[in-house]
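> Right, I'll just put the structure down here and ask away after.
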Amino acid sequence: MPALIFDVDGTLAETEELHRQAFNRAFADHSVGWQWDETLYRDLLKVTGGKERILAYAEGRGGMALPDAARLHAAKTRHYVEAVDGGRLSLRPGIAALIAEARRRGVALAIATTTSRDNVDSLLAHTLGVDHGFDVIACGDMVPAKKPAPDIYELAMQMLGMPPGECLAIEDSANGLRAAKAAGLRCVVTPALYTAADDFTGADIIVDGPLDPRRVMAMLGL
Ligand code: XBP
Ligand code: MG
C-alpha cells in the first residue's frame with residue numbers, strides 16, 4: 001500500500017504565527033532584547049529549525065553559544081506547546097478529511113518535519129486526538145541535517161519501510177519541497193501564509209486551498 005508523508009508547520013496547520021509569538025515570549029523571559037515581527041520572521045524562516053534560526057539571527061549580533069541557544073529554544077517550545085494545549089490551533093481546511101480518507105483506504109501515514117517532537121505531539125493530540133492515525137513520526141533532531149536536506153524524508157521512508165515511488169509528500173515551503181525532491185519523492189505543495197511567496201519550482205502540483213482527497217488518492221494510484 002502507498003504512503004502519504006506530511007510536513008507539519010504550514011501544512012497540517014498554520015502554526016508559524018504561534019511559533020513566532022512563542023519565540024518572542026522566550027526572548028522576553030530571557031531579556032535578550034529581541035523581537036521578531038512578521039516581516040522579519042518570514043525572512044528568518046529560510047533557516048529551518050528553531051535552534052538553528054536563533055543561532056543564525058545571533059550571528060549578526062555578537063553570536064550565541066549553542067547551550068544558550070538550546071535553553072532559549074526550550075523556553076520557546078514550552079510557550080508554543082502551552083499555546084497549542086490551550087486550543088489555539090486547528091488543522092488547515094481539508095486536512096482532517098484527507099487523513100480520514102487515507103486511513104479508510106489503508107494508506108500509510110507519516111510525518112516528516114523540522115519541528116520538535118513536543119510540538120508534533122501537542123498538535124496531533126489537540127486536533128486529531130490520541131488515535132491520530134500516523135504510523136511514523138520523523139521530526140526535529142532525529143536527523144543531523146534539517147530541510148532542505150533530504151534526511152528527514154529518508155528517515156520517514158526508512159521507518160515506513162517504503163521506497164520513494166510508493167510515497168507522496170505534502171509540503172508548504174520551498175525548503176520542504178527541496179527536501180522531498182532531494183529524497184526522490186513526488187511532492188504536492190499547499191502554500192501557507194508565511195510561504196506563499198516561496199519558489200515552488202519542481203512541485204508536482206501546487207494547490208491553493210483545501211486538497212481534494214480523491215485527487216491525492218489518484219496520485220497514489222488508488
Ligand atoms: C518548520 C520549521 C520549524 C518551525 C519551528 O518545520 O522550520 O523550525 O518553524 O519549530 P516544518 P521548532 O515546516 O518542517 O514542519 O522551533 O520546533 O524548530
Ligand atoms: Mg512546513
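Labeling convention for the C-alpha cells: chains A, B, ... as they appear, residues from 1 per chain, ligands from 1 in order of appearance.
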Any residue with an atom at most 6 Å from ligand 1 counts, using only C-alpha atoms and all ligand atoms. Which are they? Put them as a ChimeraX atom specification.

/A:7-10,16,19,48-50,113-116

> Just the alpha helix (DSSP H) stuff from chain A, please, per backbone DSSP, written as an mmCIF file with N, CA, C and O atoms, in the first residue's frame.


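Done, and the output landed in result-v1.cif:
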```cif
data_model
loop_
_atom_site.group_PDB
_atom_site.id
_atom_site.type_symbol
_atom_site.label_atom_id
_atom_site.label_comp_id
_atom_site.auth_asym_id
_atom_site.auth_seq_id
_atom_site.Cartn_x
_atom_site.Cartn_y
_atom_site.Cartn_z
ATOM 1 N N GLU A 16 2.975 28.850 12.110
ATOM 2 C CA GLU A 16 4.147 29.727 12.256
ATOM 3 C C GLU A 16 3.871 31.009 13.035
ATOM 4 O O GLU A 16 4.778 31.523 13.713
ATOM 5 N N GLU A 17 2.665 31.515 13.008
ATOM 6 C CA GLU A 17 2.388 32.724 13.789
ATOM 7 C C GLU A 17 2.486 32.401 15.287
ATOM 8 O O GLU A 17 3.035 33.185 16.069
ATOM 9 N N LEU A 18 2.016 31.208 15.681
ATOM 10 C CA LEU A 18 2.162 30.799 17.088
ATOM 11 C C LEU A 18 3.630 30.577 17.439
ATOM 12 O O LEU A 18 4.099 30.938 18.524
ATOM 13 N N HIS A 19 4.388 29.985 16.473
ATOM 14 C CA HIS A 19 5.834 29.831 16.738
ATOM 15 C C HIS A 19 6.472 31.206 16.964
ATOM 16 O O HIS A 19 7.250 31.396 17.897
ATOM 17 N N ARG A 20 6.141 32.145 16.075
ATOM 18 C CA ARG A 20 6.748 33.480 16.180
ATOM 19 C C ARG A 20 6.450 34.107 17.547
ATOM 20 O O ARG A 20 7.345 34.636 18.211
ATOM 21 N N GLN A 21 5.209 33.999 17.997
ATOM 22 C CA GLN A 21 4.827 34.570 19.297
ATOM 23 C C GLN A 21 5.559 33.859 20.438
ATOM 24 O O GLN A 21 6.004 34.487 21.396
ATOM 25 N N ALA A 22 5.754 32.545 20.288
ATOM 26 C CA ALA A 22 6.463 31.781 21.330
ATOM 27 C C ALA A 22 7.935 32.189 21.381
ATOM 28 O O ALA A 22 8.512 32.334 22.467
ATOM 29 N N PHE A 23 8.540 32.410 20.213
ATOM 30 C CA PHE A 23 9.926 32.908 20.210
ATOM 31 C C PHE A 23 10.002 34.232 20.976
ATOM 32 O O PHE A 23 10.868 34.419 21.840
ATOM 33 N N ASN A 24 9.090 35.140 20.681
ATOM 34 C CA ASN A 24 9.142 36.468 21.314
ATOM 35 C C ASN A 24 8.905 36.390 22.815
ATOM 36 O O ASN A 24 9.531 37.141 23.587
ATOM 37 N N ARG A 25 8.065 35.444 23.258
ATOM 38 C CA ARG A 25 7.847 35.286 24.704
ATOM 39 C C ARG A 25 9.119 34.769 25.377
ATOM 40 O O ARG A 25 9.515 35.232 26.449
ATOM 41 N N ALA A 26 9.800 33.842 24.693
ATOM 42 C CA ALA A 26 11.052 33.310 25.265
ATOM 43 C C ALA A 26 12.123 34.396 25.305
ATOM 44 O O ALA A 26 12.880 34.528 26.283
ATOM 45 N N PHE A 27 12.170 35.240 24.254
ATOM 46 C CA PHE A 27 13.164 36.337 24.257
ATOM 47 C C PHE A 27 12.888 37.290 25.418
ATOM 48 O O PHE A 27 13.817 37.757 26.084
ATOM 49 N N ALA A 28 11.616 37.553 25.676
ATOM 50 C CA ALA A 28 11.273 38.464 26.783
ATOM 51 C C ALA A 28 11.639 37.825 28.124
ATOM 52 O O ALA A 28 12.251 38.462 28.988
ATOM 53 N N ASP A 29 11.324 36.508 28.272
ATOM 54 C CA ASP A 29 11.653 35.807 29.530
ATOM 55 C C ASP A 29 13.146 35.910 29.839
ATOM 56 O O ASP A 29 13.565 36.036 30.979
ATOM 57 N N GLU A 38 6.493 40.083 11.962
ATOM 58 C CA GLU A 38 6.092 39.141 10.911
ATOM 59 C C GLU A 38 7.007 39.215 9.690
ATOM 60 O O GLU A 38 7.384 38.192 9.116
ATOM 61 N N THR A 39 7.367 40.434 9.309
ATOM 62 C CA THR A 39 8.225 40.598 8.118
ATOM 63 C C THR A 39 9.583 39.941 8.338
ATOM 64 O O THR A 39 10.073 39.178 7.498
ATOM 65 N N LEU A 40 10.188 40.210 9.500
ATOM 66 C CA LEU A 40 11.494 39.628 9.812
ATOM 67 C C LEU A 40 11.362 38.107 9.917
ATOM 68 O O LEU A 40 12.187 37.360 9.392
ATOM 69 N N TYR A 41 10.291 37.636 10.560
ATOM 70 C CA TYR A 41 10.144 36.191 10.765
ATOM 71 C C TYR A 41 10.021 35.455 9.432
ATOM 72 O O TYR A 41 10.617 34.395 9.241
ATOM 73 N N ARG A 42 9.274 36.063 8.495
ATOM 74 C CA ARG A 42 9.147 35.425 7.169
ATOM 75 C C ARG A 42 10.526 35.213 6.559
ATOM 76 O O ARG A 42 10.820 34.177 5.983
ATOM 77 N N ASP A 43 11.411 36.187 6.746
ATOM 78 C CA ASP A 43 12.773 36.049 6.196
ATOM 79 C C ASP A 43 13.567 35.003 6.982
ATOM 80 O O ASP A 43 14.270 34.178 6.410
ATOM 81 N N LEU A 44 13.391 35.010 8.302
ATOM 82 C CA LEU A 44 14.147 34.062 9.147
ATOM 83 C C LEU A 44 13.725 32.614 8.899
ATOM 84 O O LEU A 44 14.493 31.681 9.169
ATOM 85 N N GLY A 50 14.171 25.741 14.900
ATOM 86 C CA GLY A 50 14.125 26.916 15.770
ATOM 87 C C GLY A 50 15.464 27.249 16.390
ATOM 88 O O GLY A 50 15.871 28.416 16.462
ATOM 89 N N LYS A 51 16.195 26.194 16.823
ATOM 90 C CA LYS A 51 17.545 26.431 17.420
ATOM 91 C C LYS A 51 18.456 27.058 16.390
ATOM 92 O O LYS A 51 19.123 28.064 16.645
ATOM 93 N N GLU A 52 18.452 26.471 15.188
ATOM 94 C CA GLU A 52 19.286 26.975 14.099
ATOM 95 C C GLU A 52 18.885 28.403 13.731
ATOM 96 O O GLU A 52 19.749 29.233 13.417
ATOM 97 N N ARG A 53 17.594 28.704 13.799
ATOM 98 C CA ARG A 53 17.115 30.056 13.468
ATOM 99 C C ARG A 53 17.639 31.069 14.489
ATOM 100 O O ARG A 53 18.069 32.157 14.140
ATOM 101 N N ILE A 54 17.615 30.691 15.767
ATOM 102 C CA ILE A 54 18.134 31.569 16.829
ATOM 103 C C ILE A 54 19.630 31.813 16.616
ATOM 104 O O ILE A 54 20.112 32.951 16.652
ATOM 105 N N LEU A 55 20.377 30.733 16.345
ATOM 106 C CA LEU A 55 21.825 30.872 16.137
ATOM 107 C C LEU A 55 22.133 31.743 14.930
ATOM 108 O O LEU A 55 23.031 32.591 14.967
ATOM 109 N N ALA A 56 21.359 31.557 13.851
ATOM 110 C CA ALA A 56 21.599 32.349 12.631
ATOM 111 C C ALA A 56 21.341 33.826 12.903
ATOM 112 O O ALA A 56 22.131 34.694 12.508
ATOM 113 N N TYR A 57 20.272 34.122 13.654
ATOM 114 C CA TYR A 57 19.947 35.518 13.955
ATOM 115 C C TYR A 57 21.000 36.124 14.885
ATOM 116 O O TYR A 57 21.400 37.273 14.735
ATOM 117 N N ALA A 58 21.510 35.292 15.809
ATOM 118 C CA ALA A 58 22.506 35.788 16.779
ATOM 119 C C ALA A 58 23.834 36.104 16.093
ATOM 120 O O ALA A 58 24.583 36.982 16.546
ATOM 121 N N GLU A 59 24.102 35.397 14.983
ATOM 122 C CA GLU A 59 25.409 35.595 14.314
ATOM 123 C C GLU A 59 25.708 37.057 14.038
ATOM 124 O O GLU A 59 26.786 37.558 14.274
ATOM 125 N N LEU A 66 25.934 27.576 21.688
ATOM 126 C CA LEU A 66 24.887 26.587 21.422
ATOM 127 C C LEU A 66 24.065 26.263 22.674
ATOM 128 O O LEU A 66 22.834 26.242 22.603
ATOM 129 N N PRO A 67 24.712 26.065 23.849
ATOM 130 C CA PRO A 67 23.883 25.748 25.033
ATOM 131 C C PRO A 67 22.869 26.850 25.368
ATOM 132 O O PRO A 67 21.738 26.590 25.757
ATOM 133 N N ASP A 68 23.304 28.107 25.143
ATOM 134 C CA ASP A 68 22.382 29.225 25.437
ATOM 135 C C ASP A 68 21.223 29.221 24.440
ATOM 136 O O ASP A 68 20.068 29.434 24.794
ATOM 137 N N ALA A 69 21.559 28.950 23.171
ATOM 138 C CA ALA A 69 20.505 28.892 22.138
ATOM 139 C C ALA A 69 19.547 27.738 22.424
ATOM 140 O O ALA A 69 18.333 27.871 22.270
ATOM 141 N N ALA A 70 20.108 26.626 22.888
ATOM 142 C CA ALA A 70 19.266 25.455 23.198
ATOM 143 C C ALA A 70 18.324 25.766 24.355
ATOM 144 O O ALA A 70 17.142 25.407 24.335
ATOM 145 N N ARG A 71 18.845 26.495 25.370
ATOM 146 C CA ARG A 71 17.995 26.862 26.513
ATOM 147 C C ARG A 71 16.884 27.810 26.075
ATOM 148 O O ARG A 71 15.722 27.668 26.448
ATOM 149 N N LEU A 72 17.236 28.767 25.233
ATOM 150 C CA LEU A 72 16.260 29.737 24.724
ATOM 151 C C LEU A 72 15.201 29.013 23.896
ATOM 152 O O LEU A 72 14.007 29.268 24.012
ATOM 153 N N HIS A 73 15.672 28.038 23.098
ATOM 154 C CA HIS A 73 14.731 27.300 22.250
ATOM 155 C C HIS A 73 13.812 26.418 23.082
ATOM 156 O O HIS A 73 12.614 26.287 22.787
ATOM 157 N N ALA A 74 14.339 25.864 24.158
ATOM 158 C CA ALA A 74 13.499 25.031 25.050
ATOM 159 C C ALA A 74 12.403 25.885 25.691
ATOM 160 O O ALA A 74 11.242 25.452 25.811
ATOM 161 N N ALA A 75 12.753 27.111 26.050
ATOM 162 C CA ALA A 75 11.750 28.030 26.626
ATOM 163 C C ALA A 75 10.681 28.343 25.593
ATOM 164 O O ALA A 75 9.478 28.361 25.878
ATOM 165 N N LYS A 76 11.136 28.563 24.356
ATOM 166 C CA LYS A 76 10.194 28.841 23.271
ATOM 167 C C LYS A 76 9.244 27.667 23.061
ATOM 168 O O LYS A 76 8.037 27.832 22.905
ATOM 169 N N THR A 77 9.782 26.452 23.094
ATOM 170 C CA THR A 77 8.947 25.255 22.882
ATOM 171 C C THR A 77 7.896 25.128 23.982
ATOM 172 O O THR A 77 6.740 24.786 23.712
ATOM 173 N N ARG A 78 8.272 25.469 25.221
ATOM 174 C CA ARG A 78 7.292 25.419 26.318
ATOM 175 C C ARG A 78 6.149 26.390 26.059
ATOM 176 O O ARG A 78 4.981 26.059 26.219
ATOM 177 N N HIS A 79 6.485 27.591 25.579
ATOM 178 C CA HIS A 79 5.432 28.575 25.265
ATOM 179 C C HIS A 79 4.550 28.093 24.118
ATOM 180 O O HIS A 79 3.330 28.236 24.147
ATOM 181 N N TYR A 80 5.196 27.491 23.113
ATOM 182 C CA TYR A 80 4.435 27.040 21.938
ATOM 183 C C TYR A 80 3.479 25.903 22.326
ATOM 184 O O TYR A 80 2.289 25.936 21.993
ATOM 185 N N VAL A 81 3.992 24.929 23.073
ATOM 186 C CA VAL A 81 3.164 23.785 23.490
ATOM 187 C C VAL A 81 2.016 24.274 24.368
ATOM 188 O O VAL A 81 0.878 23.823 24.228
ATOM 189 N N GLU A 82 2.289 25.247 25.221
ATOM 190 C CA GLU A 82 1.231 25.810 26.094
ATOM 191 C C GLU A 82 0.122 26.422 25.224
ATOM 192 O O GLU A 82 -1.073 26.226 25.482
ATOM 193 N N ALA A 83 0.519 27.113 24.163
ATOM 194 C CA ALA A 83 -0.473 27.745 23.277
ATOM 195 C C ALA A 83 -1.288 26.682 22.541
ATOM 196 O O ALA A 83 -2.520 26.782 22.432
ATOM 197 N N VAL A 84 -0.611 25.638 22.063
ATOM 198 C CA VAL A 84 -1.329 24.575 21.339
ATOM 199 C C VAL A 84 -2.238 23.806 22.302
ATOM 200 O O VAL A 84 -3.390 23.516 21.991
ATOM 201 N N ASP A 85 -1.712 23.538 23.502
ATOM 202 C CA ASP A 85 -2.531 22.857 24.529
ATOM 203 C C ASP A 85 -3.737 23.712 24.907
ATOM 204 O O ASP A 85 -4.757 23.194 25.359
ATOM 205 N N ILE A 95 -7.525 18.981 5.695
ATOM 206 C CA ILE A 95 -6.509 18.032 6.168
ATOM 207 C C ILE A 95 -7.170 16.855 6.895
ATOM 208 O O ILE A 95 -6.828 15.688 6.655
ATOM 209 N N ALA A 96 -8.121 17.126 7.778
ATOM 210 C CA ALA A 96 -8.773 16.028 8.526
ATOM 211 C C ALA A 96 -9.464 15.065 7.555
ATOM 212 O O ALA A 96 -9.346 13.839 7.687
ATOM 213 N N ALA A 97 -10.115 15.615 6.544
ATOM 214 C CA ALA A 97 -10.840 14.770 5.562
ATOM 215 C C ALA A 97 -9.852 13.924 4.764
ATOM 216 O O ALA A 97 -10.089 12.745 4.487
ATOM 217 N N LEU A 98 -8.705 14.508 4.426
ATOM 218 C CA LEU A 98 -7.698 13.759 3.648
ATOM 219 C C LEU A 98 -7.123 12.628 4.488
ATOM 220 O O LEU A 98 -6.970 11.489 4.015
ATOM 221 N N ILE A 99 -6.836 12.914 5.761
ATOM 222 C CA ILE A 99 -6.292 11.877 6.645
ATOM 223 C C ILE A 99 -7.319 10.765 6.846
ATOM 224 O O ILE A 99 -6.999 9.569 6.775
ATOM 225 N N ALA A 100 -8.592 11.144 7.014
ATOM 226 C CA ALA A 100 -9.644 10.139 7.204
ATOM 227 C C ALA A 100 -9.767 9.249 5.962
ATOM 228 O O ALA A 100 -9.859 8.012 6.065
ATOM 229 N N GLU A 101 -9.715 9.853 4.782
ATOM 230 C CA GLU A 101 -9.828 9.077 3.529
ATOM 231 C C GLU A 101 -8.617 8.158 3.358
ATOM 232 O O GLU A 101 -8.738 6.997 2.974
ATOM 233 N N ALA A 102 -7.446 8.662 3.696
ATOM 234 C CA ALA A 102 -6.229 7.835 3.591
ATOM 235 C C ALA A 102 -6.347 6.631 4.512
ATOM 236 O O ALA A 102 -6.037 5.498 4.125
ATOM 237 N N ARG A 103 -6.838 6.856 5.723
ATOM 238 C CA ARG A 103 -6.976 5.750 6.683
ATOM 239 C C ARG A 103 -8.022 4.754 6.174
ATOM 240 O O ARG A 103 -7.843 3.533 6.254
ATOM 241 N N ARG A 104 -9.114 5.295 5.587
ATOM 242 C CA ARG A 104 -10.178 4.414 5.090
ATOM 243 C C ARG A 104 -9.651 3.511 3.983
ATOM 244 O O ARG A 104 -10.026 2.353 3.863
ATOM 245 N N ARG A 117 9.614 17.365 18.582
ATOM 246 C CA ARG A 117 8.642 16.302 18.852
ATOM 247 C C ARG A 117 7.531 16.769 19.776
ATOM 248 O O ARG A 117 6.363 16.443 19.571
ATOM 249 N N ASP A 118 7.867 17.546 20.795
ATOM 250 C CA ASP A 118 6.815 18.034 21.717
ATOM 251 C C ASP A 118 5.734 18.793 20.959
ATOM 252 O O ASP A 118 4.544 18.693 21.259
ATOM 253 N N ASN A 119 6.178 19.571 19.951
ATOM 254 C CA ASN A 119 5.226 20.367 19.173
ATOM 255 C C ASN A 119 4.315 19.469 18.350
ATOM 256 O O ASN A 119 3.119 19.725 18.230
ATOM 257 N N VAL A 120 4.884 18.409 17.781
ATOM 258 C CA VAL A 120 4.090 17.477 16.967
ATOM 259 C C VAL A 120 3.069 16.773 17.840
ATOM 260 O O VAL A 120 1.880 16.719 17.523
ATOM 261 N N ASP A 121 3.527 16.249 18.972
ATOM 262 C CA ASP A 121 2.622 15.504 19.870
ATOM 263 C C ASP A 121 1.455 16.377 20.314
ATOM 264 O O ASP A 121 0.301 15.940 20.314
ATOM 265 N N SER A 122 1.761 17.626 20.659
ATOM 266 C CA SER A 122 0.706 18.514 21.145
ATOM 267 C C SER A 122 -0.290 18.822 20.031
ATOM 268 O O SER A 122 -1.511 18.768 20.219
ATOM 269 N N LEU A 123 0.227 19.107 18.829
ATOM 270 C CA LEU A 123 -0.664 19.419 17.702
ATOM 271 C C LEU A 123 -1.564 18.233 17.371
ATOM 272 O O LEU A 123 -2.782 18.383 17.232
ATOM 273 N N LEU A 124 -0.982 17.029 17.284
ATOM 274 C CA LEU A 124 -1.798 15.849 16.937
ATOM 275 C C LEU A 124 -2.836 15.574 18.010
ATOM 276 O O LEU A 124 -4.011 15.313 17.715
ATOM 277 N N ALA A 125 -2.419 15.665 19.280
ATOM 278 C CA ALA A 125 -3.346 15.363 20.388
ATOM 279 C C ALA A 125 -4.527 16.320 20.394
ATOM 280 O O ALA A 125 -5.674 15.925 20.645
ATOM 281 N N HIS A 126 -4.260 17.590 20.073
ATOM 282 C CA HIS A 126 -5.322 18.605 20.174
ATOM 283 C C HIS A 126 -6.113 18.795 18.890
ATOM 284 O O HIS A 126 -7.032 19.604 18.839
ATOM 285 N N THR A 127 -5.752 18.082 17.852
ATOM 286 C CA THR A 127 -6.541 18.218 16.607
ATOM 287 C C THR A 127 -7.153 16.880 16.194
ATOM 288 O O THR A 127 -8.329 16.805 15.860
ATOM 289 N N ASP A 151 17.263 14.356 4.563
ATOM 290 C CA ASP A 151 17.399 13.402 5.668
ATOM 291 C C ASP A 151 16.092 13.001 6.332
ATOM 292 O O ASP A 151 15.838 11.817 6.568
ATOM 293 N N ILE A 152 15.256 13.977 6.647
ATOM 294 C CA ILE A 152 14.047 13.658 7.426
ATOM 295 C C ILE A 152 13.062 12.844 6.593
ATOM 296 O O ILE A 152 12.371 11.961 7.113
ATOM 297 N N TYR A 153 13.038 13.105 5.283
ATOM 298 C CA TYR A 153 12.173 12.284 4.421
ATOM 299 C C TYR A 153 12.751 10.883 4.241
ATOM 300 O O TYR A 153 12.019 9.883 4.222
ATOM 301 N N GLU A 154 14.073 10.800 4.148
ATOM 302 C CA GLU A 154 14.700 9.471 4.035
ATOM 303 C C GLU A 154 14.466 8.660 5.302
ATOM 304 O O GLU A 154 14.174 7.463 5.247
ATOM 305 N N LEU A 155 14.505 9.329 6.459
ATOM 306 C CA LEU A 155 14.243 8.627 7.721
ATOM 307 C C LEU A 155 12.781 8.157 7.772
ATOM 308 O O LEU A 155 12.501 7.003 8.135
ATOM 309 N N ALA A 156 11.867 9.017 7.351
ATOM 310 C CA ALA A 156 10.444 8.636 7.376
ATOM 311 C C ALA A 156 10.205 7.416 6.488
ATOM 312 O O ALA A 156 9.512 6.464 6.889
ATOM 313 N N MET A 157 10.827 7.389 5.305
ATOM 314 C CA MET A 157 10.642 6.245 4.397
ATOM 315 C C MET A 157 11.299 4.994 4.951
ATOM 316 O O MET A 157 10.759 3.886 4.855
ATOM 317 N N GLN A 158 12.435 5.185 5.624
ATOM 318 C CA GLN A 158 13.121 4.031 6.253
ATOM 319 C C GLN A 158 12.231 3.451 7.360
ATOM 320 O O GLN A 158 12.040 2.243 7.468
ATOM 321 N N MET A 159 11.614 4.345 8.141
ATOM 322 C CA MET A 159 10.723 3.905 9.230
ATOM 323 C C MET A 159 9.459 3.246 8.668
ATOM 324 O O MET A 159 8.916 2.312 9.248
ATOM 325 N N LEU A 160 8.994 3.720 7.501
ATOM 326 C CA LEU A 160 7.830 3.124 6.846
ATOM 327 C C LEU A 160 8.190 1.803 6.179
ATOM 328 O O LEU A 160 7.330 0.955 5.926
ATOM 329 N N ALA A 174 9.321 26.141 0.280
ATOM 330 C CA ALA A 174 10.381 25.823 -0.687
ATOM 331 C C ALA A 174 11.402 24.878 -0.056
ATOM 332 O O ALA A 174 11.849 23.912 -0.686
ATOM 333 N N ASN A 175 11.760 25.118 1.218
ATOM 334 C CA ASN A 175 12.705 24.218 1.897
ATOM 335 C C ASN A 175 12.163 22.805 1.967
ATOM 336 O O ASN A 175 12.884 21.821 1.756
ATOM 337 N N GLY A 176 10.874 22.697 2.265
ATOM 338 C CA GLY A 176 10.258 21.371 2.374
ATOM 339 C C GLY A 176 10.174 20.681 1.026
ATOM 340 O O GLY A 176 10.478 19.491 0.895
ATOM 341 N N LEU A 177 9.815 21.450 0.004
ATOM 342 C CA LEU A 177 9.741 20.899 -1.354
ATOM 343 C C LEU A 177 11.105 20.388 -1.784
ATOM 344 O O LEU A 177 11.248 19.284 -2.312
ATOM 345 N N ARG A 178 12.151 21.191 -1.527
ATOM 346 C CA ARG A 178 13.511 20.774 -1.925
ATOM 347 C C ARG A 178 13.941 19.515 -1.178
ATOM 348 O O ARG A 178 14.573 18.628 -1.741
ATOM 349 N N ALA A 179 13.571 19.426 0.077
ATOM 350 C CA ALA A 179 13.920 18.222 0.862
ATOM 351 C C ALA A 179 13.239 16.992 0.268
ATOM 352 O O ALA A 179 13.873 15.950 0.062
ATOM 353 N N ALA A 180 11.951 17.120 -0.051
ATOM 354 C CA ALA A 180 11.197 15.986 -0.599
ATOM 355 C C ALA A 180 11.756 15.568 -1.962
ATOM 356 O O ALA A 180 11.973 14.377 -2.218
ATOM 357 N N LYS A 181 12.033 16.558 -2.815
ATOM 358 C CA LYS A 181 12.563 16.216 -4.158
ATOM 359 C C LYS A 181 13.948 15.591 -4.051
ATOM 360 O O LYS A 181 14.275 14.646 -4.767
ATOM 361 N N ALA A 182 14.759 16.095 -3.126
ATOM 362 C CA ALA A 182 16.115 15.531 -2.954
ATOM 363 C C ALA A 182 16.040 14.089 -2.457
ATOM 364 O O ALA A 182 16.959 13.298 -2.663
ATOM 365 N N PRO A 213 -9.304 15.005 -1.493
ATOM 366 C CA PRO A 213 -8.822 13.652 -1.174
ATOM 367 C C PRO A 213 -8.799 12.730 -2.394
ATOM 368 O O PRO A 213 -7.857 11.951 -2.574
ATOM 369 N N ARG A 214 -9.814 12.885 -3.281
ATOM 370 C CA ARG A 214 -9.855 11.977 -4.455
ATOM 371 C C ARG A 214 -8.660 12.215 -5.358
ATOM 372 O O ARG A 214 -8.054 11.300 -5.887
ATOM 373 N N ARG A 215 -8.258 13.503 -5.481
ATOM 374 C CA ARG A 215 -7.104 13.847 -6.349
ATOM 375 C C ARG A 215 -5.817 13.281 -5.750
ATOM 376 O O ARG A 215 -4.962 12.731 -6.443
ATOM 377 N N VAL A 216 -5.691 13.386 -4.432
ATOM 378 C CA VAL A 216 -4.479 12.865 -3.767
ATOM 379 C C VAL A 216 -4.448 11.338 -3.866
ATOM 380 O O VAL A 216 -3.404 10.756 -4.186
ATOM 381 N N MET A 217 -5.587 10.701 -3.655
ATOM 382 C CA MET A 217 -5.635 9.226 -3.773
ATOM 383 C C MET A 217 -5.281 8.804 -5.207
ATOM 384 O O MET A 217 -4.555 7.826 -5.413
ATOM 385 N N ALA A 218 -5.726 9.590 -6.175
ATOM 386 C CA ALA A 218 -5.405 9.260 -7.583
ATOM 387 C C ALA A 218 -3.902 9.355 -7.820
ATOM 388 O O ALA A 218 -3.303 8.524 -8.517
ATOM 389 N N MET A 219 -3.264 10.348 -7.187
ATOM 390 C CA MET A 219 -1.792 10.477 -7.331
ATOM 391 C C MET A 219 -1.085 9.285 -6.696
ATOM 392 O O MET A 219 0.045 8.959 -7.029
#
```

> Mind pulling up the distance from CA of Gly94 (chain A) to CA of Gly209 (chain A)?

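Taking CA of Gly209 (chain A) as the start and CA of Gly94 (chain A) as the end point, the length is 8.4 Å.
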
> In Å, with one decimal, what is the gap from CA of Ile111 (chain A) to CA of Pro164 (chain A)?

14.4 Å

> Check region 32-130 of chain A with DSSP on the backbone and list each residue it calls strand (DSSP E), as a ChimeraX atom specification.

/A:108-113

> Those residues you just picked out, can you put them in a file as a short mmCIF file (atom, residue, chain, number, x, y, z; two decimals), in the first residue's frame with C-alpha atoms?


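This went into again_36.cif:
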```cif
data_model
loop_
_atom_site.label_atom_id
_atom_site.label_comp_id
_atom_site.auth_asym_id
_atom_site.auth_seq_id
_atom_site.Cartn_x
_atom_site.Cartn_y
_atom_site.Cartn_z
CA ALA A 108 0.19 4.52 5.47
CA LEU A 109 0.60 7.92 7.15
CA ALA A 110 3.89 9.52 8.14
CA ILE A 111 5.17 12.87 9.35
CA ALA A 112 8.46 14.39 8.20
CA THR A 113 9.04 17.70 9.95
#
```

> Using only C-alpha atoms, determine which residues lie at most 7 Å from Asp172 (chain A), disregarding the query and same-chain residues fewer than 5 positions distant; provide the list as a PyMOL selection string.

chain A and resi 10-11+189-192+195

> Can you write just those residues out, N, CA, C and O atoms, as a compact mmCIF listing (two decimals), in the first residue's frame?


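Saved the output as selection_36.txt:
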```txt
# COMPACT_ATOMS: atom_id res chain seq x y z
N GLY A 10 2.71 24.71 8.69
CA GLY A 10 2.22 25.31 7.45
C GLY A 10 1.45 24.34 6.59
O GLY A 10 0.71 24.75 5.69
N THR A 11 1.60 23.03 6.86
CA THR A 11 0.92 22.03 6.03
C THR A 11 -0.27 21.43 6.78
O THR A 11 -1.40 21.52 6.34
N VAL A 189 2.37 20.70 -3.16
CA VAL A 189 2.60 21.89 -2.34
C VAL A 189 1.27 22.60 -2.09
O VAL A 189 0.50 22.84 -3.02
N THR A 190 1.04 22.91 -0.80
CA THR A 190 -0.12 23.74 -0.43
C THR A 190 0.45 24.97 0.26
O THR A 190 0.75 24.92 1.46
N PRO A 191 0.67 26.07 -0.48
CA PRO A 191 1.31 27.25 0.10
C PRO A 191 0.59 27.73 1.36
O PRO A 191 -0.65 27.68 1.42
N ALA A 192 1.37 28.19 2.36
CA ALA A 192 0.79 28.67 3.62
C ALA A 192 1.01 30.17 3.74
O ALA A 192 1.65 30.79 2.89
N THR A 195 4.56 31.20 3.55
CA THR A 195 5.38 30.63 2.46
C THR A 195 4.80 30.90 1.08
O THR A 195 5.34 30.45 0.08
```

> Between CA of Asp198 (chain A) and CA of Ala3 (chain A), what distance in Å does the model show, to one decimal?

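Computing the Euclidean distance for CA of Asp198 (chain A) and CA of Ala3 (chain A) yields 25.7 Å.
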